[in-house]
Amino acid sequence: MKLATRIALSVTVVTPLLVVAAGLLVLGLVGRDLRQQQDVRLNDRASAVLPDVRALLTADRNGRAKAEQNQHRKVLGDVLDAGIRVQSADGATVLQGGPQPAEAAQLPERTPDGPVTVHVKGHAWRVLSVSVSGPAPGNLWIYTPASATDPQLAAVRRRVLLVALLAAPVSGLLAYGLAGRATASVRRLSRRAAELDPAAGAAAFVGTPVNIAEVDELSAAIGQLLARYDEQAARTAQALDTARSFSSAASHELRTPLMSMQTDLDVLAAHPDLSPAERAEVVRDLRSDHARLLELLTALRMLGLGDLVEVSAFAPLDLCELVDAAVGEAARRHGEAELDVELPTELRVFGWDSGLKIMLANLLRNAVVHGHRPGVPPRIAVRLRTQGAFAVLTVDDEGPGVPPAEREAVFRRFHHRAGSPGSGLGLTLVAQQAALHRGTVTLGDAPGGAGARFEVRLPLASADEPTLRLPARRDWISRGD
């Protein structure tokens, strides 16, 4: 059922009910006003006949029959259509005329607050009692049926019912027309949404404000929903690309060590009589290839995680603690290396804990493995400081350094020197994590010109971190540069 039809039916049902409710209120008010008018007439007539009633009671007391008859006629003429009863002080009825309640009705002796309602055998009367003073005291009652106002109330009641009956169809038609116009913008919005090409995305649903708050809010909500859908679709496509790239890269890079391992295994199987020295050499090659496989798979996995990580994984972290832990782990793994560290007390960044750890581990491993000359133990200097709104980490070594022309290439995927034992992904991971954390990594000469310096700059944690947005392009595992 259309919204306009629902509104019209609701108005058709509710409007007569409201008219009837208002009519009942009006009936009550009209009835009260008519009763007040009735009471005013009773008071006026009582005031008009009171002098004649005094004269009537005096004539009755003095026994003047003729004068009494004249006063009878005069009093009855003054009360018009109202009922009247006059009693002397001894309770004898001197005059009774007009519409009367039953003979057994007990009329109130006094009505100090004005006329009252008296019920007699199912009929209601408005009664005003007036005490007559003077030489011949007595009591005067003026009354009229309470139902005298019923014709007027009935007329009001009929009009209310007539208005209620007419209000139902008229209000329904008006409501249908108005609701149709009011919902026209909703129907147009619905048609636009139905005709939307899913491939076009949120860009094709640019709403023009119609100055109707609810419609504009609905249009904005649809646009936001489409934008979130586009974002999620892009993330899903990126995840699929990452998975395909992971599979392709793993297949390509693992082929060489696997073939080498297959050759070594074939040698062991074909020559069971190898000497212990030759067998040990083959086993060392197998172990080396196995370690390379593990390192390569671990690096590819971390690249994939970095390409898919969400902002919810980021939190305020103490970079000093992370650097100190990474240096301790490097010292444990490479006991021959000499590590010189200078750290402040605390330095907080907004980061991904696992990503920063893998970045620091690869920086230090690269320095220990490549940052020394043959026969000289590695000597690595690690410094962390603040510079403006950034944390600056430097790792200096005493190796041969990297020529300026090759410094950008070291961060590319699978780039490594000939004969290098690494996977060629360590520094790629460093560059990826620096970019994810809105920072940079650069390679230069160590102080004094001997060796290389890696410098990582990361923004310090601030109050606006909940608005952090990750880089739009995250394809480190698939990019070929």
# chains A, B, ... in the order shown; residues from 1 in each chain; ligands from 1
$ select_by_dssp --residues "stretch 283-466 of chain A" --states "strand (DSSP E)" --output "CSV table (one decimal) with C-alpha atoms, in the first residue's frame"
chain,number,residue,atom,x,y,z
A,315,ALA,CA,46.7,2.5,18.8
A,316,PRO,CA,48.9,4.9,20.8
A,317,LEU,CA,52.3,3.1,21.3
A,318,ASP,CA,55.6,4.0,23.1
A,338,GLU,CA,78.0,-4.2,18.8
A,339,LEU,CA,74.8,-2.1,19.2
A,340,ASP,CA,75.0,1.5,20.6
A,341,VAL,CA,71.5,2.8,21.5
A,342,GLU,CA,70.3,6.3,22.7
A,348,ARG,CA,54.5,8.0,21.7
A,349,VAL,CA,53.2,7.4,18.1
A,350,PHE,CA,49.9,6.2,16.8
A,351,GLY,CA,50.8,2.9,15.1
A,379,ARG,CA,79.0,-1.8,14.8
A,380,ILE,CA,75.5,-0.3,14.7
A,381,ALA,CA,74.4,3.1,16.2
A,382,VAL,CA,70.7,3.4,16.9
A,383,ARG,CA,69.3,6.9,17.8
A,384,LEU,CA,65.8,8.1,18.5
A,385,ARG,CA,64.8,11.7,19.0
A,386,THR,CA,62.0,14.2,18.3
A,387,GLN,CA,62.1,16.8,15.6
A,390,PHE,CA,57.9,13.8,14.2
A,391,ALA,CA,59.8,11.0,15.8
A,392,VAL,CA,63.2,10.5,14.0
A,393,LEU,CA,64.9,7.1,14.2
A,394,THR,CA,68.4,6.7,12.6
A,395,VAL,CA,70.3,3.4,12.2
A,396,ASP,CA,74.0,3.9,11.2
A,440,THR,CA,59.0,8.3,5.4
A,441,VAL,CA,62.2,6.3,5.2
A,442,THR,CA,65.4,7.6,3.5
A,443,LEU,CA,68.8,6.2,2.9
A,444,GLY,CA,72.0,8.3,3.0
A,445,ASP,CA,75.6,8.2,4.2
A,452,ALA,CA,74.9,3.9,5.5
A,453,ARG,CA,72.3,5.7,7.5
A,454,PHE,CA,68.6,4.7,7.4
A,455,GLU,CA,66.4,7.5,8.7
A,456,VAL,CA,62.7,6.8,9.5
A,457,ARG,CA,60.4,9.8,10.4
A,458,LEU,CA,57.0,9.0,12.0
A,459,PRO,CA,54.4,11.6,13.2
$ residues_around --residues "stretch 110-123 of chain A" --least-positions-apart "6" --cutoff "7 Å" --atoms "only C-alpha atoms" --output "list in words"
Asp39, Pro101, Ala102, Ser129 and Val130 of chain A
$ residues_around --residues "stretch 146-151 of chain A" --least-positions-apart "4" --cutoff "7 Å" --atoms "only C-alpha atoms" --output "list in words"
Leu34, Ala124, Trp125, Arg126 and Ala155 of chain A
$ residues_around --residues "A:Arg54" --least-positions-apart "3" --cutoff "10 Å" --atoms "only C-alpha atoms" --output "PyMOL selection string"
chain A and resi 49-51+57-60+71+86+132-140
$ write_last_selection --atoms "N, CA, C and O atoms" --output "mmCIF file, in the first residue's frame"
data_model
loop_
_atom_site.group_PDB
_atom_site.id
_atom_site.type_symbol
_atom_site.label_atom_id
_atom_site.label_comp_id
_atom_site.auth_asym_id
_atom_site.auth_seq_id
_atom_site.Cartn_x
_atom_site.Cartn_y
_atom_site.Cartn_z
ATOM 1 N N VAL A 49 -42.335 38.574 39.574
ATOM 2 C CA VAL A 49 -43.609 38.217 40.217
ATOM 3 C C VAL A 49 -43.573 38.396 41.722
ATOM 4 O O VAL A 49 -44.622 38.291 42.381
ATOM 5 N N LEU A 50 -42.419 38.663 42.309
ATOM 6 C CA LEU A 50 -42.311 38.716 43.765
ATOM 7 C C LEU A 50 -43.235 39.785 44.364
ATOM 8 O O LEU A 50 -43.939 39.510 45.370
ATOM 9 N N PRO A 51 -43.329 41.015 43.823
ATOM 10 C CA PRO A 51 -44.266 41.989 44.415
ATOM 11 C C PRO A 51 -45.714 41.515 44.345
ATOM 12 O O PRO A 51 -46.495 41.686 45.312
ATOM 13 N N LEU A 57 -50.375 36.965 48.839
ATOM 14 C CA LEU A 57 -50.348 36.396 50.190
ATOM 15 C C LEU A 57 -51.075 37.310 51.168
ATOM 16 O O LEU A 57 -51.776 36.848 52.093
ATOM 17 N N THR A 58 -50.962 38.618 50.983
ATOM 18 C CA THR A 58 -51.657 39.561 51.873
ATOM 19 C C THR A 58 -53.166 39.455 51.679
ATOM 20 O O THR A 58 -53.944 39.433 52.649
ATOM 21 N N ALA A 59 -53.582 39.390 50.402
ATOM 22 C CA ALA A 59 -55.030 39.269 50.128
ATOM 23 C C ALA A 59 -55.568 37.970 50.676
ATOM 24 O O ALA A 59 -56.686 37.914 51.215
ATOM 25 N N ASP A 60 -54.765 36.871 50.535
ATOM 26 C CA ASP A 60 -55.202 35.570 51.061
ATOM 27 C C ASP A 60 -55.341 35.625 52.574
ATOM 28 O O ASP A 60 -56.282 35.058 53.139
ATOM 29 N N GLN A 71 -54.817 38.915 41.649
ATOM 30 C CA GLN A 71 -53.389 38.661 41.789
ATOM 31 C C GLN A 71 -53.015 37.311 41.172
ATOM 32 O O GLN A 71 -51.913 37.152 40.627
ATOM 33 N N VAL A 86 -46.956 28.805 45.212
ATOM 34 C CA VAL A 86 -46.859 29.759 46.319
ATOM 35 C C VAL A 86 -47.526 29.143 47.536
ATOM 36 O O VAL A 86 -48.668 28.650 47.433
ATOM 37 N N VAL A 132 -40.525 34.688 50.766
ATOM 38 C CA VAL A 132 -41.303 35.929 50.651
ATOM 39 C C VAL A 132 -41.470 36.520 52.049
ATOM 40 O O VAL A 132 -42.011 35.868 52.952
ATOM 41 N N SER A 133 -40.994 37.730 52.238
ATOM 42 C CA SER A 133 -41.103 38.416 53.533
ATOM 43 C C SER A 133 -42.195 39.468 53.461
ATOM 44 O O SER A 133 -42.704 39.803 52.383
ATOM 45 N N GLY A 134 -42.572 39.978 54.598
ATOM 46 C CA GLY A 134 -43.592 41.025 54.635
ATOM 47 C C GLY A 134 -44.663 40.702 55.664
ATOM 48 O O GLY A 134 -44.510 39.779 56.486
ATOM 49 N N PRO A 135 -45.782 41.404 55.606
ATOM 50 C CA PRO A 135 -46.841 41.162 56.604
ATOM 51 C C PRO A 135 -47.421 39.757 56.498
ATOM 52 O O PRO A 135 -47.861 39.187 57.495
ATOM 53 N N ALA A 136 -47.403 39.187 55.291
ATOM 54 C CA ALA A 136 -47.904 37.823 55.097
ATOM 55 C C ALA A 136 -46.781 36.995 54.493
ATOM 56 O O ALA A 136 -46.669 36.872 53.265
ATOM 57 N N PRO A 137 -45.867 36.434 55.291
ATOM 58 C CA PRO A 137 -44.720 35.682 54.756
ATOM 59 C C PRO A 137 -45.175 34.379 54.111
ATOM 60 O O PRO A 137 -46.255 33.861 54.384
ATOM 61 N N GLY A 138 -44.276 33.834 53.285
ATOM 62 C CA GLY A 138 -44.539 32.567 52.617
ATOM 63 C C GLY A 138 -43.322 32.154 51.789
ATOM 64 O O GLY A 138 -42.204 32.627 52.011
ATOM 65 N N ASN A 139 -43.572 31.274 50.818
ATOM 66 C CA ASN A 139 -42.460 30.787 49.984
ATOM 67 C C ASN A 139 -42.922 30.692 48.536
ATOM 68 O O ASN A 139 -44.074 30.297 48.257
ATOM 69 N N LEU A 140 -42.020 31.071 47.626
ATOM 70 C CA LEU A 140 -42.304 31.060 46.188
ATOM 71 C C LEU A 140 -41.354 30.091 45.506
ATOM 72 O O LEU A 140 -40.141 30.119 45.743
#
$ decode --residues "stretch 55-191 of chain A" --atoms "C-alpha atoms" --output "PDB file, in the first residue's frame"
ATOM      1  CA  ALA A  55     -49.869  41.133  47.418  1.00  0.00           C
ATOM      2  CA  LEU A  56     -51.413  37.686  46.765  1.00  0.00           C
ATOM      3  CA  LEU A  57     -50.348  36.396  50.190  1.00  0.00           C
ATOM      4  CA  THR A  58     -51.657  39.561  51.873  1.00  0.00           C
ATOM      5  CA  ALA A  59     -55.030  39.269  50.128  1.00  0.00           C
ATOM      6  CA  ASP A  60     -55.202  35.570  51.061  1.00  0.00           C
ATOM      7  CA  ARG A  61     -54.490  36.393  54.732  1.00  0.00           C
ATOM      8  CA  ASN A  62     -57.075  39.188  54.825  1.00  0.00           C
ATOM      9  CA  GLY A  63     -59.713  37.040  53.088  1.00  0.00           C
ATOM     10  CA  ARG A  64     -60.237  39.320  50.143  1.00  0.00           C
ATOM     11  CA  ALA A  65     -61.271  36.830  47.496  1.00  0.00           C
ATOM     12  CA  LYS A  66     -61.668  39.258  44.648  1.00  0.00           C
ATOM     13  CA  ALA A  67     -58.264  40.834  45.135  1.00  0.00           C
ATOM     14  CA  GLU A  68     -56.800  37.341  45.431  1.00  0.00           C
ATOM     15  CA  GLN A  69     -58.293  36.296  42.106  1.00  0.00           C
ATOM     16  CA  ASN A  70     -56.870  39.377  40.411  1.00  0.00           C
ATOM     17  CA  GLN A  71     -53.389  38.661  41.789  1.00  0.00           C
ATOM     18  CA  HIS A  72     -53.715  35.027  40.641  1.00  0.00           C
ATOM     19  CA  ARG A  73     -54.191  36.105  37.067  1.00  0.00           C
ATOM     20  CA  LYS A  74     -51.456  38.710  37.247  1.00  0.00           C
ATOM     21  CA  VAL A  75     -48.871  36.292  38.727  1.00  0.00           C
ATOM     22  CA  LEU A  76     -49.651  33.532  36.226  1.00  0.00           C
ATOM     23  CA  GLY A  77     -49.339  36.017  33.382  1.00  0.00           C
ATOM     24  CA  ASP A  78     -45.915  37.167  34.605  1.00  0.00           C
ATOM     25  CA  VAL A  79     -44.372  33.694  34.909  1.00  0.00           C
ATOM     26  CA  LEU A  80     -45.284  32.878  31.272  1.00  0.00           C
ATOM     27  CA  ASP A  81     -44.334  29.232  30.473  1.00  0.00           C
ATOM     28  CA  ALA A  82     -42.626  28.526  33.825  1.00  0.00           C
ATOM     29  CA  GLY A  83     -44.272  26.617  36.657  1.00  0.00           C
ATOM     30  CA  ILE A  84     -45.075  28.400  39.927  1.00  0.00           C
ATOM     31  CA  ARG A  85     -46.111  27.419  43.429  1.00  0.00           C
ATOM     32  CA  VAL A  86     -46.859  29.759  46.319  1.00  0.00           C
ATOM     33  CA  GLN A  87     -47.354  28.636  49.897  1.00  0.00           C
ATOM     34  CA  SER A  88     -48.279  30.632  52.926  1.00  0.00           C
ATOM     35  CA  ALA A  89     -46.388  30.495  56.205  1.00  0.00           C
ATOM     36  CA  ASP A  90     -48.657  27.675  57.472  1.00  0.00           C
ATOM     37  CA  GLY A  91     -47.789  25.477  54.456  1.00  0.00           C
ATOM     38  CA  ALA A  92     -51.068  25.932  52.582  1.00  0.00           C
ATOM     39  CA  THR A  93     -50.758  26.206  48.815  1.00  0.00           C
ATOM     40  CA  VAL A  94     -52.073  29.592  47.756  1.00  0.00           C
ATOM     41  CA  LEU A  95     -51.184  29.392  44.048  1.00  0.00           C
ATOM     42  CA  GLN A  96     -50.015  26.652  41.670  1.00  0.00           C
ATOM     43  CA  GLY A  97     -49.798  26.932  37.894  1.00  0.00           C
ATOM     44  CA  GLY A  98     -47.841  26.214  34.761  1.00  0.00           C
ATOM     45  CA  PRO A  99     -45.996  22.933  34.124  1.00  0.00           C
ATOM     46  CA  GLN A 100     -45.826  21.034  37.400  1.00  0.00           C
ATOM     47  CA  PRO A 101     -43.842  18.074  38.767  1.00  0.00           C
ATOM     48  CA  ALA A 102     -45.734  15.218  40.387  1.00  0.00           C
ATOM     49  CA  GLU A 103     -47.793  16.083  43.431  1.00  0.00           C
ATOM     50  CA  ALA A 104     -45.501  14.045  45.651  1.00  0.00           C
ATOM     51  CA  ALA A 105     -42.458  16.006  44.659  1.00  0.00           C
ATOM     52  CA  GLN A 106     -40.580  17.556  47.526  1.00  0.00           C
ATOM     53  CA  LEU A 107     -39.361  20.976  46.471  1.00  0.00           C
ATOM     54  CA  PRO A 108     -36.332  22.396  48.268  1.00  0.00           C
ATOM     55  CA  GLU A 109     -37.102  24.928  50.979  1.00  0.00           C
ATOM     56  CA  ARG A 110     -34.127  27.119  50.101  1.00  0.00           C
ATOM     57  CA  THR A 111     -31.811  27.468  47.073  1.00  0.00           C
ATOM     58  CA  PRO A 112     -29.312  30.053  48.304  1.00  0.00           C
ATOM     59  CA  ASP A 113     -26.881  29.414  45.397  1.00  0.00           C
ATOM     60  CA  GLY A 114     -29.481  29.721  42.666  1.00  0.00           C
ATOM     61  CA  PRO A 115     -31.656  27.141  40.875  1.00  0.00           C
ATOM     62  CA  VAL A 116     -31.034  23.456  41.513  1.00  0.00           C
ATOM     63  CA  THR A 117     -31.972  20.274  39.645  1.00  0.00           C
ATOM     64  CA  VAL A 118     -34.675  18.093  41.179  1.00  0.00           C
ATOM     65  CA  HIS A 119     -35.431  14.627  39.808  1.00  0.00           C
ATOM     66  CA  VAL A 120     -39.045  13.460  40.062  1.00  0.00           C
ATOM     67  CA  LYS A 121     -40.162  10.112  38.570  1.00  0.00           C
ATOM     68  CA  GLY A 122     -37.532  10.139  35.824  1.00  0.00           C
ATOM     69  CA  HIS A 123     -37.913  13.820  34.964  1.00  0.00           C
ATOM     70  CA  ALA A 124     -35.545  16.621  35.851  1.00  0.00           C
ATOM     71  CA  TRP A 125     -36.624  20.128  36.898  1.00  0.00           C
ATOM     72  CA  ARG A 126     -34.716  23.324  37.471  1.00  0.00           C
ATOM     73  CA  VAL A 127     -36.165  24.794  40.666  1.00  0.00           C
ATOM     74  CA  LEU A 128     -35.625  28.211  42.280  1.00  0.00           C
ATOM     75  CA  SER A 129     -36.953  28.755  45.821  1.00  0.00           C
ATOM     76  CA  VAL A 130     -37.502  32.325  47.080  1.00  0.00           C
ATOM     77  CA  SER A 131     -38.562  33.274  50.605  1.00  0.00           C
ATOM     78  CA  VAL A 132     -41.303  35.929  50.651  1.00  0.00           C
ATOM     79  CA  SER A 133     -41.103  38.416  53.533  1.00  0.00           C
ATOM     80  CA  GLY A 134     -43.592  41.025  54.635  1.00  0.00           C
ATOM     81  CA  PRO A 135     -46.841  41.162  56.604  1.00  0.00           C
ATOM     82  CA  ALA A 136     -47.904  37.823  55.097  1.00  0.00           C
ATOM     83  CA  PRO A 137     -44.720  35.682  54.756  1.00  0.00           C
ATOM     84  CA  GLY A 138     -44.539  32.567  52.617  1.00  0.00           C
ATOM     85  CA  ASN A 139     -42.460  30.787  49.984  1.00  0.00           C
ATOM     86  CA  LEU A 140     -42.304  31.060  46.188  1.00  0.00           C
ATOM     87  CA  TRP A 141     -41.077  28.316  43.811  1.00  0.00           C
ATOM     88  CA  ILE A 142     -40.387  28.964  40.163  1.00  0.00           C
ATOM     89  CA  TYR A 143     -39.452  25.891  38.056  1.00  0.00           C
ATOM     90  CA  THR A 144     -39.188  24.659  34.529  1.00  0.00           C
ATOM     91  CA  PRO A 145     -38.413  21.241  32.996  1.00  0.00           C
ATOM     92  CA  ALA A 146     -34.676  20.707  32.532  1.00  0.00           C
ATOM     93  CA  SER A 147     -35.571  19.048  29.222  1.00  0.00           C
ATOM     94  CA  ALA A 148     -36.625  22.407  27.839  1.00  0.00           C
ATOM     95  CA  THR A 149     -33.122  22.769  26.416  1.00  0.00           C
ATOM     96  CA  ASP A 150     -33.151  19.333  24.742  1.00  0.00           C
ATOM     97  CA  PRO A 151     -34.297  20.556  21.292  1.00  0.00           C
ATOM     98  CA  GLN A 152     -31.371  22.955  21.101  1.00  0.00           C
ATOM     99  CA  LEU A 153     -28.906  20.283  22.233  1.00  0.00           C
ATOM    100  CA  ALA A 154     -30.369  17.849  19.724  1.00  0.00           C
ATOM    101  CA  ALA A 155     -29.869  20.386  16.951  1.00  0.00           C
ATOM    102  CA  VAL A 156     -26.212  20.835  17.938  1.00  0.00           C
ATOM    103  CA  ARG A 157     -25.787  17.059  18.108  1.00  0.00           C
ATOM    104  CA  ARG A 158     -27.191  16.604  14.605  1.00  0.00           C
ATOM    105  CA  ARG A 159     -24.848  19.249  13.232  1.00  0.00           C
ATOM    106  CA  VAL A 160     -21.850  17.598  14.858  1.00  0.00           C
ATOM    107  CA  LEU A 161     -22.762  14.225  13.352  1.00  0.00           C
ATOM    108  CA  LEU A 162     -23.299  15.832   9.946  1.00  0.00           C
ATOM    109  CA  VAL A 163     -19.879  17.522  10.094  1.00  0.00           C
ATOM    110  CA  ALA A 164     -18.267  14.223  11.156  1.00  0.00           C
ATOM    111  CA  LEU A 165     -19.847  12.364   8.234  1.00  0.00           C
ATOM    112  CA  LEU A 166     -18.798  15.028   5.736  1.00  0.00           C
ATOM    113  CA  ALA A 167     -15.288  15.337   7.247  1.00  0.00           C
ATOM    114  CA  ALA A 168     -14.419  11.672   6.579  1.00  0.00           C
ATOM    115  CA  PRO A 169     -14.448  11.692   2.743  1.00  0.00           C
ATOM    116  CA  VAL A 170     -13.416  15.325   2.371  1.00  0.00           C
ATOM    117  CA  SER A 171     -10.431  15.011   4.725  1.00  0.00           C
ATOM    118  CA  GLY A 172      -9.461  11.687   3.124  1.00  0.00           C
ATOM    119  CA  LEU A 173      -9.399  13.180  -0.379  1.00  0.00           C
ATOM    120  CA  LEU A 174      -7.494  16.252   0.765  1.00  0.00           C
ATOM    121  CA  ALA A 175      -5.026  14.112   2.710  1.00  0.00           C
ATOM    122  CA  TYR A 176      -4.487  11.846  -0.298  1.00  0.00           C
ATOM    123  CA  GLY A 177      -3.747  14.814  -2.545  1.00  0.00           C
ATOM    124  CA  LEU A 178      -1.426  16.494  -0.057  1.00  0.00           C
ATOM    125  CA  ALA A 179       0.335  13.230   0.822  1.00  0.00           C
ATOM    126  CA  GLY A 180       0.802  12.491  -2.871  1.00  0.00           C
ATOM    127  CA  ARG A 181       2.530  15.819  -3.359  1.00  0.00           C
ATOM    128  CA  ALA A 182       4.550  15.408  -0.166  1.00  0.00           C
ATOM    129  CA  THR A 183       5.792  11.945  -1.159  1.00  0.00           C
ATOM    130  CA  ALA A 184       6.567  12.869  -4.768  1.00  0.00           C
ATOM    131  CA  SER A 185      10.200  13.579  -3.867  1.00  0.00           C
ATOM    132  CA  VAL A 186      10.427  10.192  -2.132  1.00  0.00           C
ATOM    133  CA  ARG A 187       9.103   8.474  -5.259  1.00  0.00           C
ATOM    134  CA  ARG A 188      11.618  10.314  -7.421  1.00  0.00           C
ATOM    135  CA  LEU A 189      14.392   9.273  -5.034  1.00  0.00           C
ATOM    136  CA  SER A 190      13.158   5.673  -5.198  1.00  0.00           C
ATOM    137  CA  ARG A 191      13.195   5.709  -9.011  1.00  0.00           C
TER     138      ARG A 191
END
